[in-house]
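Below is one structure, written out as C-alpha cells; the observations come after it.
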Amino acid sequence: MDLIRKPMTEQKTETKRPTIMTSLGPNPTIEKEIPEDVEWIDDAFYIKKTRFGMYTSVLKEPILGANFITGATYDGVLTVSRWHLKCLQEDTLEDNSRIVNSGVVGGKL
C-alpha cells in the first residue's frame, strides 16, 4: 500500500474567524465586583493590578468583568488590549496572529 503525503503547504487547515468570545476562551474569569471609581479606558476596559503584581485588563462588553489580557506592566497591557480590540473590530486579528497548537489532547487517555 503506497501512502502519498502532501507537503505541509497543501494540507488543509481548519480556519475559524477570531471573535471576542474566542479570545476570552470557553471559561473566562469574571470579576465579581467592579469598583465604582474605576477608570474605563476607551469606554471598553479598565486595568487592575493583581495580587501577584501583574496587570489585567477587564472588559466592559460583551461580558462585564471578563478578564482579557494579562501582562507584567500597565503600559504593556494597555497597548496589547487596545491592539487586540482594534484588530477584532477591523477583522484583522487573524492576519496578525496564528495558533500554533490547539491545546487539545486527542485519543483515549
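Residue names in the C-alpha cells use chain letters A, B, ... in the order shown, residue numbers from 1 in each chain, and ligand numbers from 1 in the order shown.
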Exercise. Near Trp83 (chain A), counting only C-alpha atoms, which residues have an atom at most 10 Å away, once you skip same-chain residues fewer than 6 positions from it, shown as a ChimeraX atom specification?
Worked result: /A:77,89,93
Exercise. If you run DSSP on this backbone, which residues of region 44-99 of chain A come out as strand (DSSP E or B), and could you give them as number ranges by chain?
Worked result: A: 45-49, 55-59, 66-71
For this session: Considering only C-alpha atoms, return as a PyMOL selection string whatever protein or nucleic-acid residues lie within 8 Å of region 62-71 of chain A, sequence-local ones (same chain, fewer than 5 positions apart) excluded.
Result: chain A and resi 20+23-24+28-34+54-57+76-77+80-81
Problem set entry | Gap from CA of Tyr46 (chain A) to CA of Arg17 (chain A) - Å, one decimal |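 Between CA of Tyr46 (chain A) and CA of Arg17 (chain A) the gap works out to 25.5 Å.
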Taking only region 16-94 of chain A into account, list the residues labelled alpha helix (DSSP H) by DSSP (computed from the backbone), as an mmCIF file with C-alpha atoms, in the first residue's frame.
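Full text of selection_27.cif as output:
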data_model
loop_
_atom_site.group_PDB
_atom_site.id
_atom_site.type_symbol
_atom_site.label_atom_id
_atom_site.label_comp_id
_atom_site.auth_asym_id
_atom_site.auth_seq_id
_atom_site.Cartn_x
_atom_site.Cartn_y
_atom_site.Cartn_z
ATOM 1 C CA ILE A 20 -14.138 38.442 21.301
ATOM 2 C CA MET A 21 -15.634 35.219 22.663
ATOM 3 C CA THR A 22 -12.873 33.049 21.162
ATOM 4 C CA SER A 23 -10.334 35.477 22.631
ATOM 5 C CA LEU A 24 -11.860 35.017 26.077
ATOM 6 C CA TYR A 74 0.478 48.532 32.916
ATOM 7 C CA ASP A 75 1.674 50.038 29.618
ATOM 8 C CA GLY A 76 2.102 46.610 28.031
ATOM 9 C CA VAL A 77 -1.421 45.520 28.968
ATOM 10 C CA LEU A 78 -2.817 48.868 27.771
ATOM 11 C CA THR A 79 -1.068 48.581 24.400
ATOM 12 C CA VAL A 80 -1.954 44.937 23.752
ATOM 13 C CA SER A 81 -5.577 45.321 24.934
ATOM 14 C CA ARG A 82 -6.114 48.281 22.573
ATOM 15 C CA TRP A 83 -4.377 46.470 19.702
ATOM 16 C CA HIS A 84 -6.364 43.249 20.235
ATOM 17 C CA LEU A 85 -9.728 45.067 20.390
ATOM 18 C CA LYS A 86 -8.813 47.162 17.322
ATOM 19 C CA CYS A 87 -7.906 44.031 15.351
ATOM 20 C CA LEU A 88 -11.188 42.371 16.365
ATOM 21 C CA GLN A 89 -13.116 45.475 15.311
ATOM 22 C CA GLU A 90 -11.324 45.678 11.936
ATOM 23 C CA LEU A 93 -6.651 39.674 14.139
ATOM 24 C CA GLU A 94 -6.278 36.524 12.040
#
